[in-house]
Amino acid sequence: MGAVVGTLTMQTRQRPSRARDKVDDELEMTMVSHRPEGLEQLEAQTNFTKQELQVLYRGFKNECPSGVVNEETFKHIYAQFFPHGDASTYAHYLFNAFDTRNNGSIKFEDFVMGLSTLLRGTVRDKLEWTFHLYDINRDGFINREEMTEIVRAIYDMMGKYTYPALKGDVPKQHVDTFFEKMDKNKDGVVTLEEFVIACQEDENMMRSMQLFENVM
Amino acid sequence: MAAGVAAWLPFARAAAIGWMPVANLPMPVAPTNKNKRQDELIILNVSGRRFQTWRNTLDRYPDTLLGSSEKEFFFNEETREYFFDRDPDSFRSILNFYRTGKLHYPRYECISAYDEELAFFGIIPEIISDCCYEEYKDRKRENTERLMDDLEDNKDNKPPNMTFRETMWRAFENPHTSTMALVFYYVTGFFIAISVITNVVETVPCGTTPNQRDIPCGERYTEAFFCMDTACVMIFTVEYLMRLFAAPSRYRFMRSVMSIIDVVAILPYYIGLVMTNNEDVSGAFVTLRVFRVFRIFKFSRHSQGLRILGYTLKSCASELGFLLFSLTMAIIIFATVMFYAEKGSSSSKFTSIPASFWYTIVTMTTLGYGDMVPKTIAGKIFGSICSLSGVLVIALPVPVIVSNFSRIYHQNQRADKRRAQKVQKARLARMRISKAGSSTAFLHSKRNGLNQSLELTLPYYKMKLSPQGSLEEDQQLKKTTSLLESQHHHLLHCLEKTTNHEFVDERLYEQGYLQTALQNFPSQSPSLSSEEGVTGTCCSRRTKKNIQALNATHTHSHTHNLQELSALHIHCGEQQPLNTSRSSLNLMSDESGSLNCKSSGLVTTAIISIPTPPSNNSRANPDAPPPPNPDAPPRPNPGSDVVKISAL
């Protein structure tokens, strides 16, 4: 009899704790927060100095107090810089480029790694990063459709009121120009090597890429 | 661009590398941070309480005191801090504005103190965020009302140089301003009372005559009452005429309710004077006497409460109308029912439905005179239902009217809230503008040719600004554009270069649309050009390429000396008129020079005839260098209205 009562009370005692766990889980889910690795580790992994990392993190945390950026927030932030048009498509591709782990959110480490490549990496690194940005399906090739998507996204950021007015399929013409320049063996896709070689040959592009050296 | 995301600008600029392979044109030079120093903490000492923040935080808003170099005036060399002798409690919210981009209004704060703090630090109150804005506006309104009340109380001293007429009007409207006015006020009040009492006493039977019939006093002492009436009417007439003379706007005065009451009060007397003692019209004359009772409404000038009551009734008109309507409905229904119910009984008072109306009204308002009662059982049943429902029907709208009375009490505040709503709408519009301001800021800086200095590929191209003090303008503009803004603009400029299209605002976009439309048909036949109501542009300031293209077509057309299509942009506020040798055009340009620039918000087109060679086209833009880039306006365009005149 006592044993029965004992087991019954044990059962009841477990149930509230399980309920409490569920509540805690829910709380945790809503307050997903992530703290990045230490400053020294990040400094070792990237090409930024400590001060630069501090400045970056302060800005990052200001916009995303939870420590991770999801796609919505990312799009919202990026759209603030391009008030004329619709930056959401391009922001989507950018998000995927930064989100190297493909889990739908960008942590501070991902953010800083990406920025390190873009701002402090070698020319080859930058070009590789750009290639991965264009290669939407990560198959190692840029085909016409992917490029058209990217170019269209860029044109979307211009908005409606442009001079000269966007008439006809301007993105398509742009893509054709691009492929003419990049696709050396004319097989309809651009591989990483073709891309890198073609870009390094283009002086204007090289010069433009140096432009962003002093962004930080 | 919100200040909060300013920290992400480096990221956005880095991401611009993704455009580089796609771009065909070279990118502009990036703006450099000339005095690049590590971000440092600065100390703001506000009356002893030390606040610390990053310098960059304050730089987010360069047009405020803390964000600009104005704070250097408060720099204390010994302690290496910025000292402000202001309220530290209010400063908290001001500093939070820099940190978060949102300005909050603390509830415990006095409104005028807060306003002063904001004004000192150069922050406009309109950017108070929505959570606190209503509270702020309410408190502000109360404060201004209080100030205005105080002002009115102190308004005893008469402003000098008032004409006699204005003095009179002021005396009429505010009786306590002068003794004469007060005397006049009381005298008229007295006579209104006398007149009303006279009218009342006239009808009282006083004393019997030998023929044993009570006659009213009016008929007994006819002359006395007539004299009294005459005196009152004379006073009222004089008063009315004096008011009419003194009124600033006589037409408006004549239309006002008070003056109509005045006229109605004195008119019966004069009509009575004019009319003879004809038997036919004496009935009408008697009716007119009824209108004399309107004199009592003249009291409303003397009583504020009466005026409010009148105004309340006027504003409750819809509720009163509803009450009337529902009552009428119920009356008709019940009268019909009662009539048919009582039809059977003999000697019934309910002879017709309108006759039953009286019974229904008396029953529904629970008066119950008893002069008409139902006799049949059905009649009694329906009669009781009638009285029960009468209570309900009357009880329902009455609280609505009562609540309206109390609503009128706060009617002043509601009118002010409506004004605040307008301000709110203006504020929302202003916020929208400021949100769109980033885009317009970029277009603005483009127009001002700032971006031209950043051209990579044209080192020889000097900024050809207009000779009138352009350099100071340029420096001034550079000063107000913070580094952040210039970096943001550089980013947008890169995007333009990538896509080989420019950002323009809506108006110019439409113009550009028309230009390209024109290019498709270089009209040579006069019939075609006369048909086209909207014609293209020729001498546009911006589109040099188009000019050259159109010039080509025009040379074609002109060898045959045909009418050409050309249009001119005449900017309002432009210093130099277009010097063309076309005689007819000169006429038009003179006209248009004096055009009302305010009205030319839209693009208007007109047709002028020009039979001269097209070489004059280029003269319209005398200082337009032909560079390859299309977006190089030689003058800073003040963004003024553009009047397009197309010439035929």
# chains A, B, ... in the order shown; residues from 1 in each chain; ligands from 1
call {"tool": "closest_atom_pairs", "arguments": {"of": "chain A", "to": "chain B", "cutoff": "8 Å", "atoms": "only C-alpha atoms", "output": "CSV"}}
result
residue,atom,partner,partner_atom,distance
A:Leu56,CA,B:Ala7,CA,7.4
A:Gly59,CA,B:Ala7,CA,4.7
A:Phe60,CA,B:Trp8,CA,7.4
A:Asn62,CA,B:Gly4,CA,7.3
A:Glu63,CA,B:Val5,CA,6.9
A:Ile77,CA,B:Val5,CA,6.6
A:Tyr78,CA,B:Ala12,CA,7.0
A:Gln80,CA,B:Met1,CA,5.7
A:Phe81,CA,B:Met1,CA,6.3
A:Phe82,CA,B:Leu492,CA,7.5
A:Pro83,CA,B:Ser439,CA,6.0
A:His84,CA,B:Ser439,CA,6.2
A:Leu94,CA,B:Ala15,CA,7.6
A:Leu115,CA,B:Phe11,CA,6.9
A:Leu118,CA,B:Ala14,CA,6.1
A:Leu119,CA,B:Ala14,CA,6.5
A:Lys126,CA,B:Ile17,CA,8.0
A:Thr130,CA,B:Gly18,CA,5.4
A:Leu133,CA,B:Gly18,CA,7.2
A:Val151,CA,B:Val22,CA,7.5
A:Ile154,CA,B:Thr499,CA,7.6
A:Tyr155,CA,B:Thr499,CA,6.6
A:Met158,CA,B:Phe503,CA,6.9
A:Tyr161,CA,B:Val504,CA,5.6
A:Thr162,CA,B:Phe503,CA,4.6
A:Tyr163,CA,B:Glu502,CA,4.8
A:Pro164,CA,B:His501,CA,6.0
A:Ala165,CA,B:Tyr513,CA,6.7
A:Leu166,CA,B:His501,CA,8.0
A:His174,CA,B:Val22,CA,7.7
A:Val175,CA,B:Val22,CA,8.0
A:Phe178,CA,B:Val22,CA,6.4
A:Cys199,CA,B:Pro21,CA,6.9
A:Asn204,CA,B:Pro26,CA,5.7
A:Met205,CA,B:Met20,CA,6.1
A:Ser208,CA,B:Met27,CA,5.7
A:Met209,CA,B:Ile17,CA,6.5
A:Leu211,CA,B:Ala30,CA,6.4
A:Phe212,CA,B:Ala14,CA,6.4
A:Asn214,CA,B:Thr32,CA,7.8
A:Val215,CA,B:Pro10,CA,5.7
A:Met216,CA,B:Pro10,CA,6.3
call {"tool": "write_last_selection", "arguments": {"atoms": "N, CA and C atoms", "output": "compact mmCIF listing (two decimals), in the first residue's frame"}}
result
# COMPACT_ATOMS: atom_id res chain seq x y z
N LEU A 56 33.11 46.05 -34.76
CA LEU A 56 32.16 45.24 -35.53
C LEU A 56 31.13 44.60 -34.62
N GLY A 59 28.45 47.02 -33.31
CA GLY A 59 27.42 47.31 -34.31
C GLY A 59 26.50 46.13 -34.52
N PHE A 60 27.11 44.93 -34.55
CA PHE A 60 26.33 43.72 -34.76
C PHE A 60 25.31 43.55 -33.63
N ASN A 62 24.14 45.67 -31.60
CA ASN A 62 23.14 46.72 -31.53
C ASN A 62 21.91 46.37 -32.33
N GLU A 63 22.14 45.87 -33.55
CA GLU A 63 21.01 45.52 -34.39
C GLU A 63 20.40 44.19 -34.02
N ILE A 77 17.91 45.15 -42.63
CA ILE A 77 19.08 46.02 -42.47
C ILE A 77 19.60 46.45 -43.84
N TYR A 78 19.71 45.47 -44.73
CA TYR A 78 20.30 45.80 -46.03
C TYR A 78 19.41 46.76 -46.81
N GLN A 80 17.78 49.15 -45.73
CA GLN A 80 17.89 50.53 -45.27
C GLN A 80 18.92 51.30 -46.09
N PHE A 81 19.82 50.60 -46.70
CA PHE A 81 20.84 51.30 -47.46
C PHE A 81 20.40 51.59 -48.88
N PHE A 82 19.33 50.94 -49.30
CA PHE A 82 18.88 51.13 -50.68
C PHE A 82 17.40 51.47 -50.66
N PRO A 83 17.12 52.69 -50.30
CA PRO A 83 15.71 53.05 -50.14
C PRO A 83 14.96 53.17 -51.46
N HIS A 84 15.70 53.27 -52.57
CA HIS A 84 14.98 53.49 -53.83
C HIS A 84 14.25 52.24 -54.28
N LEU A 94 23.00 37.37 -50.64
CA LEU A 94 24.09 37.72 -49.74
C LEU A 94 24.03 36.90 -48.47
N LEU A 115 33.39 39.01 -43.68
CA LEU A 115 33.95 40.35 -43.84
C LEU A 115 35.46 40.30 -43.95
N LEU A 118 36.30 39.53 -47.42
CA LEU A 118 36.01 40.60 -48.35
C LEU A 118 36.96 41.77 -48.20
N LEU A 119 37.32 42.06 -46.98
CA LEU A 119 38.06 43.29 -46.77
C LEU A 119 39.56 43.05 -46.64
N LYS A 126 38.83 36.93 -52.51
CA LYS A 126 37.67 37.76 -52.81
C LYS A 126 36.92 37.22 -54.02
N THR A 130 33.15 35.87 -54.29
CA THR A 130 32.17 36.38 -55.24
C THR A 130 31.61 35.25 -56.09
N LEU A 133 29.07 33.58 -54.23
CA LEU A 133 27.85 34.39 -54.17
C LEU A 133 27.00 34.15 -55.42
N VAL A 151 21.84 39.29 -61.54
CA VAL A 151 21.82 40.61 -62.17
C VAL A 151 20.45 41.25 -62.00
N ILE A 154 20.27 42.73 -58.65
CA ILE A 154 20.99 44.00 -58.56
C ILE A 154 20.16 45.12 -59.19
N TYR A 155 19.53 44.83 -60.32
CA TYR A 155 18.74 45.87 -60.95
C TYR A 155 17.51 46.21 -60.11
N MET A 158 17.84 49.12 -57.92
CA MET A 158 17.81 50.47 -58.48
C MET A 158 16.43 51.08 -58.32
N TYR A 161 12.66 54.40 -60.67
CA TYR A 161 12.94 55.70 -61.26
C TYR A 161 14.41 55.80 -61.59
N THR A 162 14.76 55.41 -62.76
CA THR A 162 16.16 55.45 -63.16
C THR A 162 16.26 56.24 -64.44
N TYR A 163 17.49 56.67 -64.69
CA TYR A 163 17.72 57.26 -66.00
C TYR A 163 18.89 56.53 -66.64
N PRO A 164 18.87 56.08 -67.83
CA PRO A 164 17.69 55.96 -68.68
C PRO A 164 16.72 54.92 -68.16
N ALA A 165 15.48 55.04 -68.52
CA ALA A 165 14.49 54.15 -67.95
C ALA A 165 14.78 52.72 -68.37
N LEU A 166 14.50 51.83 -67.45
CA LEU A 166 14.79 50.42 -67.71
C LEU A 166 13.78 49.89 -68.69
N HIS A 174 22.92 42.50 -69.94
CA HIS A 174 24.05 42.57 -69.03
C HIS A 174 24.67 41.19 -68.84
N VAL A 175 23.79 40.21 -68.69
CA VAL A 175 24.26 38.84 -68.50
C VAL A 175 25.01 38.37 -69.74
N PHE A 178 28.39 39.75 -69.68
CA PHE A 178 29.18 39.06 -68.67
C PHE A 178 29.69 37.73 -69.18
N CYS A 199 38.60 37.70 -64.38
CA CYS A 199 38.58 38.90 -63.53
C CYS A 199 39.97 39.49 -63.40
N ASN A 204 40.07 47.22 -64.81
CA ASN A 204 39.07 48.04 -64.11
C ASN A 204 38.57 47.32 -62.87
N MET A 205 38.29 46.04 -63.04
CA MET A 205 37.74 45.30 -61.93
C MET A 205 38.73 45.20 -60.78
N SER A 208 38.73 48.38 -59.04
CA SER A 208 37.53 48.59 -58.23
C SER A 208 37.59 47.77 -56.97
N MET A 209 38.16 46.58 -57.06
CA MET A 209 38.19 45.76 -55.86
C MET A 209 39.09 46.36 -54.81
N LEU A 211 39.16 49.31 -54.14
CA LEU A 211 38.44 50.45 -53.56
C LEU A 211 38.04 50.22 -52.12
N PHE A 212 37.68 48.98 -51.86
CA PHE A 212 37.05 48.73 -50.56
C PHE A 212 38.07 48.30 -49.52
N ASN A 214 39.80 50.23 -47.59
CA ASN A 214 39.79 51.04 -46.37
C ASN A 214 38.40 51.20 -45.79
N VAL A 215 37.56 50.20 -46.02
CA VAL A 215 36.20 50.33 -45.52
C VAL A 215 36.18 50.31 -43.99
N MET A 216 37.04 49.49 -43.44
CA MET A 216 37.03 49.43 -41.97
C MET A 216 37.95 50.49 -41.41
call {"tool": "residues_around", "arguments": {"residues": "Pro65 (chain A)", "least_positions_apart": "2", "cutoff": "12 Å", "atoms": "only C-alpha atoms", "output": "list of chain:residue names"}}
result
A:Met31, A:Val32, A:Ser33, A:His34, A:Arg35, A:Tyr57, A:Arg58, A:Gly59, A:Phe60, A:Lys61, A:Asn62, A:Glu63, A:Gly67, A:Val68, A:Val69, A:Asn70, A:Thr73, A:Lys107, A:Phe108
call {"tool": "write_last_selection", "arguments": {"atoms": "N, CA, C and O atoms", "output": "mmCIF file, in the first residue's frame"}}
result
data_model
loop_
_atom_site.group_PDB
_atom_site.id
_atom_site.type_symbol
_atom_site.label_atom_id
_atom_site.label_comp_id
_atom_site.auth_asym_id
_atom_site.auth_seq_id
_atom_site.Cartn_x
_atom_site.Cartn_y
_atom_site.Cartn_z
ATOM 1 N N MET A 31 14.344 32.919 -26.478
ATOM 2 C CA MET A 31 15.456 33.813 -26.195
ATOM 3 C C MET A 31 16.752 33.212 -26.677
ATOM 4 O O MET A 31 17.730 33.208 -25.952
ATOM 5 N N VAL A 32 16.702 32.706 -27.901
ATOM 6 C CA VAL A 32 17.939 32.136 -28.437
ATOM 7 C C VAL A 32 18.995 33.217 -28.459
ATOM 8 O O VAL A 32 18.866 34.219 -29.141
ATOM 9 N N SER A 33 19.975 33.023 -27.703
ATOM 10 C CA SER A 33 21.047 34.004 -27.744
ATOM 11 C C SER A 33 22.345 33.252 -27.889
ATOM 12 O O SER A 33 22.485 32.123 -27.438
ATOM 13 N N HIS A 34 23.214 33.897 -28.539
ATOM 14 C CA HIS A 34 24.466 33.223 -28.840
ATOM 15 C C HIS A 34 25.588 34.155 -28.501
ATOM 16 O O HIS A 34 25.555 35.332 -28.828
ATOM 17 N N ARG A 35 26.527 33.647 -27.802
ATOM 18 C CA ARG A 35 27.703 34.456 -27.527
ATOM 19 C C ARG A 35 28.864 33.955 -28.367
ATOM 20 O O ARG A 35 29.100 32.761 -28.439
ATOM 21 N N TYR A 57 31.621 44.067 -33.493
ATOM 22 C CA TYR A 57 30.672 43.365 -32.634
ATOM 23 C C TYR A 57 29.668 44.320 -32.028
ATOM 24 O O TYR A 57 28.488 43.992 -31.879
ATOM 25 N N ARG A 58 30.139 45.530 -31.694
ATOM 26 C CA ARG A 58 29.195 46.475 -31.084
ATOM 27 C C ARG A 58 28.079 46.799 -32.055
ATOM 28 O O ARG A 58 26.912 46.841 -31.698
ATOM 29 N N GLY A 59 28.455 47.019 -33.311
ATOM 30 C CA GLY A 59 27.421 47.308 -34.305
ATOM 31 C C GLY A 59 26.497 46.125 -34.522
ATOM 32 O O GLY A 59 25.280 46.263 -34.605
ATOM 33 N N PHE A 60 27.110 44.933 -34.546
ATOM 34 C CA PHE A 60 26.326 43.724 -34.759
ATOM 35 C C PHE A 60 25.315 43.545 -33.625
ATOM 36 O O PHE A 60 24.129 43.288 -33.849
ATOM 37 N N LYS A 61 25.798 43.682 -32.408
ATOM 38 C CA LYS A 61 24.935 43.423 -31.254
ATOM 39 C C LYS A 61 23.838 44.465 -31.134
ATOM 40 O O LYS A 61 22.759 44.181 -30.655
ATOM 41 N N ASN A 62 24.144 45.666 -31.603
ATOM 42 C CA ASN A 62 23.139 46.719 -31.526
ATOM 43 C C ASN A 62 21.907 46.368 -32.330
ATOM 44 O O ASN A 62 20.782 46.543 -31.895
ATOM 45 N N GLU A 63 22.141 45.872 -33.550
ATOM 46 C CA GLU A 63 21.008 45.523 -34.392
ATOM 47 C C GLU A 63 20.402 44.188 -34.023
ATOM 48 O O GLU A 63 19.208 43.973 -34.184
ATOM 49 N N GLY A 67 22.257 37.991 -30.884
ATOM 50 C CA GLY A 67 23.532 37.418 -31.268
ATOM 51 C C GLY A 67 23.520 36.706 -32.599
ATOM 52 O O GLY A 67 24.570 36.334 -33.095
ATOM 53 N N VAL A 68 22.333 36.471 -33.153
ATOM 54 C CA VAL A 68 22.282 35.867 -34.482
ATOM 55 C C VAL A 68 21.401 36.731 -35.360
ATOM 56 O O VAL A 68 20.479 37.390 -34.885
ATOM 57 N N VAL A 69 21.721 36.715 -36.624
ATOM 58 C CA VAL A 69 20.893 37.427 -37.601
ATOM 59 C C VAL A 69 20.118 36.389 -38.365
ATOM 60 O O VAL A 69 20.709 35.467 -38.914
ATOM 61 N N ASN A 70 18.810 36.573 -38.423
ATOM 62 C CA ASN A 70 18.064 35.712 -39.342
ATOM 63 C C ASN A 70 17.800 36.481 -40.622
ATOM 64 O O ASN A 70 18.109 37.658 -40.740
ATOM 65 N N THR A 73 15.794 39.903 -40.564
ATOM 66 C CA THR A 73 16.528 41.046 -40.035
ATOM 67 C C THR A 73 17.587 41.495 -41.025
ATOM 68 O O THR A 73 17.789 42.681 -41.241
ATOM 69 N N LYS A 107 25.744 33.799 -37.425
ATOM 70 C CA LYS A 107 26.297 34.186 -36.135
ATOM 71 C C LYS A 107 27.382 35.214 -36.355
ATOM 72 O O LYS A 107 27.795 35.472 -37.495
ATOM 73 N N PHE A 108 27.862 35.740 -35.273
ATOM 74 C CA PHE A 108 28.870 36.779 -35.421
ATOM 75 C C PHE A 108 30.127 36.217 -36.087
ATOM 76 O O PHE A 108 30.797 36.922 -36.846
#
call {"tool": "select_by_dssp", "arguments": {"residues": "region 235-444 of chain B", "states": "alpha helix (DSSP H)", "output": "PyMOL selection string"}}
result
chain B and resi 235-246+250-255+257-274+279-290+304-315+317-342+353-364+377-395+397-409+411-444
call {"tool": "select_by_dssp", "arguments": {"residues": "region 30-166 of chain A", "states": "strand (DSSP E or B)", "output": "compact mmCIF listing (two decimals) with N, CA and C atoms, in the first residue's frame"}}
result
# COMPACT_ATOMS: atom_id res chain seq x y z
N VAL A 68 22.33 36.47 -33.15
CA VAL A 68 22.28 35.87 -34.48
C VAL A 68 21.40 36.73 -35.36
N VAL A 69 21.72 36.71 -36.62
CA VAL A 69 20.89 37.43 -37.60
C VAL A 69 20.12 36.39 -38.37
N ASN A 70 18.81 36.57 -38.42
CA ASN A 70 18.06 35.71 -39.34
C ASN A 70 17.80 36.48 -40.62
N SER A 105 20.74 31.11 -40.21
CA SER A 105 21.06 32.25 -39.37
C SER A 105 22.55 32.50 -39.44
N ILE A 106 22.88 33.74 -39.25
CA ILE A 106 24.29 34.13 -39.30
C ILE A 106 24.74 34.49 -37.90
N LYS A 107 25.74 33.80 -37.43
CA LYS A 107 26.30 34.19 -36.14
C LYS A 107 27.38 35.21 -36.35
N PHE A 141 29.40 25.69 -60.78
CA PHE A 141 29.32 26.37 -62.08
C PHE A 141 28.32 27.50 -61.97
N ILE A 142 28.59 28.54 -62.69
CA ILE A 142 27.59 29.60 -62.82
C ILE A 142 26.97 29.46 -64.18
N ASN A 143 25.70 29.15 -64.22
CA ASN A 143 25.07 29.12 -65.54
C ASN A 143 24.25 30.39 -65.75
N THR A 162 14.76 55.41 -62.76
CA THR A 162 16.16 55.45 -63.16
C THR A 162 16.26 56.24 -64.44
N TYR A 163 17.49 56.67 -64.69
CA TYR A 163 17.72 57.26 -66.00
C TYR A 163 18.89 56.53 -66.64
call {"tool": "closest_residue", "arguments": {"among": "A:Phe131, A:Glu71, A:Pro171, A:Val112", "to": "His92 (chain A)", "atoms": "only C-alpha atoms"}}
result
A:Glu71
call {"tool": "atom_distance", "arguments": {"atom1": "CA of Asp214 (chain B)", "atom2": "CA of Val286 (chain B)"}}
result
19.3 Å
call {"tool": "decode", "arguments": {"residues": "region 83-161 of chain A", "atoms": "C-alpha atoms", "output": "PDB file, in the first residue's frame"}}
result
ATOM      1  CA  PRO A  83      15.706  53.047 -50.144  1.00  0.00           C
ATOM      2  CA  HIS A  84      14.983  53.488 -53.827  1.00  0.00           C
ATOM      3  CA  GLY A  85      14.366  49.918 -54.816  1.00  0.00           C
ATOM      4  CA  ASP A  86      13.848  46.457 -53.526  1.00  0.00           C
ATOM      5  CA  ALA A  87      16.960  45.007 -52.014  1.00  0.00           C
ATOM      6  CA  SER A  88      15.412  41.836 -50.652  1.00  0.00           C
ATOM      7  CA  THR A  89      16.417  39.471 -53.452  1.00  0.00           C
ATOM      8  CA  TYR A  90      20.030  40.503 -53.436  1.00  0.00           C
ATOM      9  CA  ALA A  91      20.032  40.432 -49.656  1.00  0.00           C
ATOM     10  CA  HIS A  92      18.771  36.884 -49.859  1.00  0.00           C
ATOM     11  CA  TYR A  93      21.726  35.823 -51.987  1.00  0.00           C
ATOM     12  CA  LEU A  94      24.090  37.724 -49.741  1.00  0.00           C
ATOM     13  CA  PHE A  95      22.617  35.991 -46.741  1.00  0.00           C
ATOM     14  CA  ASN A  96      23.221  32.628 -48.303  1.00  0.00           C
ATOM     15  CA  ALA A  97      26.762  33.606 -49.097  1.00  0.00           C
ATOM     16  CA  PHE A  98      27.440  34.553 -45.496  1.00  0.00           C
ATOM     17  CA  ASP A  99      25.562  31.642 -44.051  1.00  0.00           C
ATOM     18  CA  THR A 100      28.283  29.102 -44.723  1.00  0.00           C
ATOM     19  CA  ARG A 101      26.685  26.550 -42.498  1.00  0.00           C
ATOM     20  CA  ASN A 102      23.315  26.790 -44.225  1.00  0.00           C
ATOM     21  CA  ASN A 103      21.318  26.830 -41.038  1.00  0.00           C
ATOM     22  CA  GLY A 104      19.289  29.936 -41.739  1.00  0.00           C
ATOM     23  CA  SER A 105      21.062  32.247 -39.372  1.00  0.00           C
ATOM     24  CA  ILE A 106      24.292  34.128 -39.304  1.00  0.00           C
ATOM     25  CA  LYS A 107      26.297  34.186 -36.135  1.00  0.00           C
ATOM     26  CA  PHE A 108      28.870  36.779 -35.421  1.00  0.00           C
ATOM     27  CA  GLU A 109      31.652  34.382 -36.392  1.00  0.00           C
ATOM     28  CA  ASP A 110      30.170  33.826 -39.845  1.00  0.00           C
ATOM     29  CA  PHE A 111      29.698  37.519 -40.238  1.00  0.00           C
ATOM     30  CA  VAL A 112      33.247  38.328 -39.312  1.00  0.00           C
ATOM     31  CA  MET A 113      34.734  35.553 -41.429  1.00  0.00           C
ATOM     32  CA  GLY A 114      32.885  36.789 -44.449  1.00  0.00           C
ATOM     33  CA  LEU A 115      33.947  40.350 -43.836  1.00  0.00           C
ATOM     34  CA  SER A 116      37.516  39.266 -43.280  1.00  0.00           C
ATOM     35  CA  THR A 117      37.570  37.613 -46.673  1.00  0.00           C
ATOM     36  CA  LEU A 118      36.012  40.600 -48.354  1.00  0.00           C
ATOM     37  CA  LEU A 119      38.061  43.287 -46.769  1.00  0.00           C
ATOM     38  CA  ARG A 120      41.322  41.701 -45.808  1.00  0.00           C
ATOM     39  CA  GLY A 121      41.576  38.663 -47.978  1.00  0.00           C
ATOM     40  CA  THR A 122      43.726  38.096 -51.017  1.00  0.00           C
ATOM     41  CA  VAL A 123      42.411  38.858 -54.460  1.00  0.00           C
ATOM     42  CA  ARG A 124      41.894  35.193 -55.057  1.00  0.00           C
ATOM     43  CA  ASP A 125      39.884  34.907 -51.823  1.00  0.00           C
ATOM     44  CA  LYS A 126      37.668  37.763 -52.814  1.00  0.00           C
ATOM     45  CA  LEU A 127      37.055  36.340 -56.225  1.00  0.00           C
ATOM     46  CA  GLU A 128      36.250  32.965 -54.776  1.00  0.00           C
ATOM     47  CA  TRP A 129      33.808  34.543 -52.388  1.00  0.00           C
ATOM     48  CA  THR A 130      32.169  36.382 -55.244  1.00  0.00           C
ATOM     49  CA  PHE A 131      32.008  33.190 -57.245  1.00  0.00           C
ATOM     50  CA  HIS A 132      30.226  31.495 -54.370  1.00  0.00           C
ATOM     51  CA  LEU A 133      27.846  34.393 -54.172  1.00  0.00           C
ATOM     52  CA  TYR A 134      26.916  33.939 -57.809  1.00  0.00           C
ATOM     53  CA  ASP A 135      26.770  30.177 -57.676  1.00  0.00           C
ATOM     54  CA  ILE A 136      23.352  29.923 -56.142  1.00  0.00           C
ATOM     55  CA  ASN A 137      23.012  26.174 -56.169  1.00  0.00           C
ATOM     56  CA  ARG A 138      26.600  25.509 -55.135  1.00  0.00           C
ATOM     57  CA  ASP A 139      27.324  23.180 -57.980  1.00  0.00           C
ATOM     58  CA  GLY A 140      30.606  24.792 -58.889  1.00  0.00           C
ATOM     59  CA  PHE A 141      29.316  26.366 -62.077  1.00  0.00           C
ATOM     60  CA  ILE A 142      27.589  29.604 -62.821  1.00  0.00           C
ATOM     61  CA  ASN A 143      25.067  29.121 -65.539  1.00  0.00           C
ATOM     62  CA  ARG A 144      23.028  31.713 -67.305  1.00  0.00           C
ATOM     63  CA  GLU A 145      19.977  31.380 -65.123  1.00  0.00           C
ATOM     64  CA  GLU A 146      21.898  31.942 -61.929  1.00  0.00           C
ATOM     65  CA  MET A 147      23.658  34.927 -63.370  1.00  0.00           C
ATOM     66  CA  THR A 148      20.411  36.343 -64.641  1.00  0.00           C
ATOM     67  CA  GLU A 149      18.929  35.990 -61.172  1.00  0.00           C
ATOM     68  CA  ILE A 150      21.813  37.835 -59.603  1.00  0.00           C
ATOM     69  CA  VAL A 151      21.822  40.611 -62.173  1.00  0.00           C
ATOM     70  CA  ARG A 152      18.083  41.000 -61.884  1.00  0.00           C
ATOM     71  CA  ALA A 153      18.410  41.256 -58.134  1.00  0.00           C
ATOM     72  CA  ILE A 154      20.992  43.998 -58.563  1.00  0.00           C
ATOM     73  CA  TYR A 155      18.736  45.869 -60.947  1.00  0.00           C
ATOM     74  CA  ASP A 156      15.868  45.530 -58.511  1.00  0.00           C
ATOM     75  CA  MET A 157      17.847  47.571 -56.058  1.00  0.00           C
ATOM     76  CA  MET A 158      17.810  50.465 -58.476  1.00  0.00           C
ATOM     77  CA  GLY A 159      14.087  50.793 -58.203  1.00  0.00           C
ATOM     78  CA  LYS A 160      11.757  52.168 -60.788  1.00  0.00           C
ATOM     79  CA  TYR A 161      12.936  55.702 -61.259  1.00  0.00           C
TER      80      TYR A 161
END
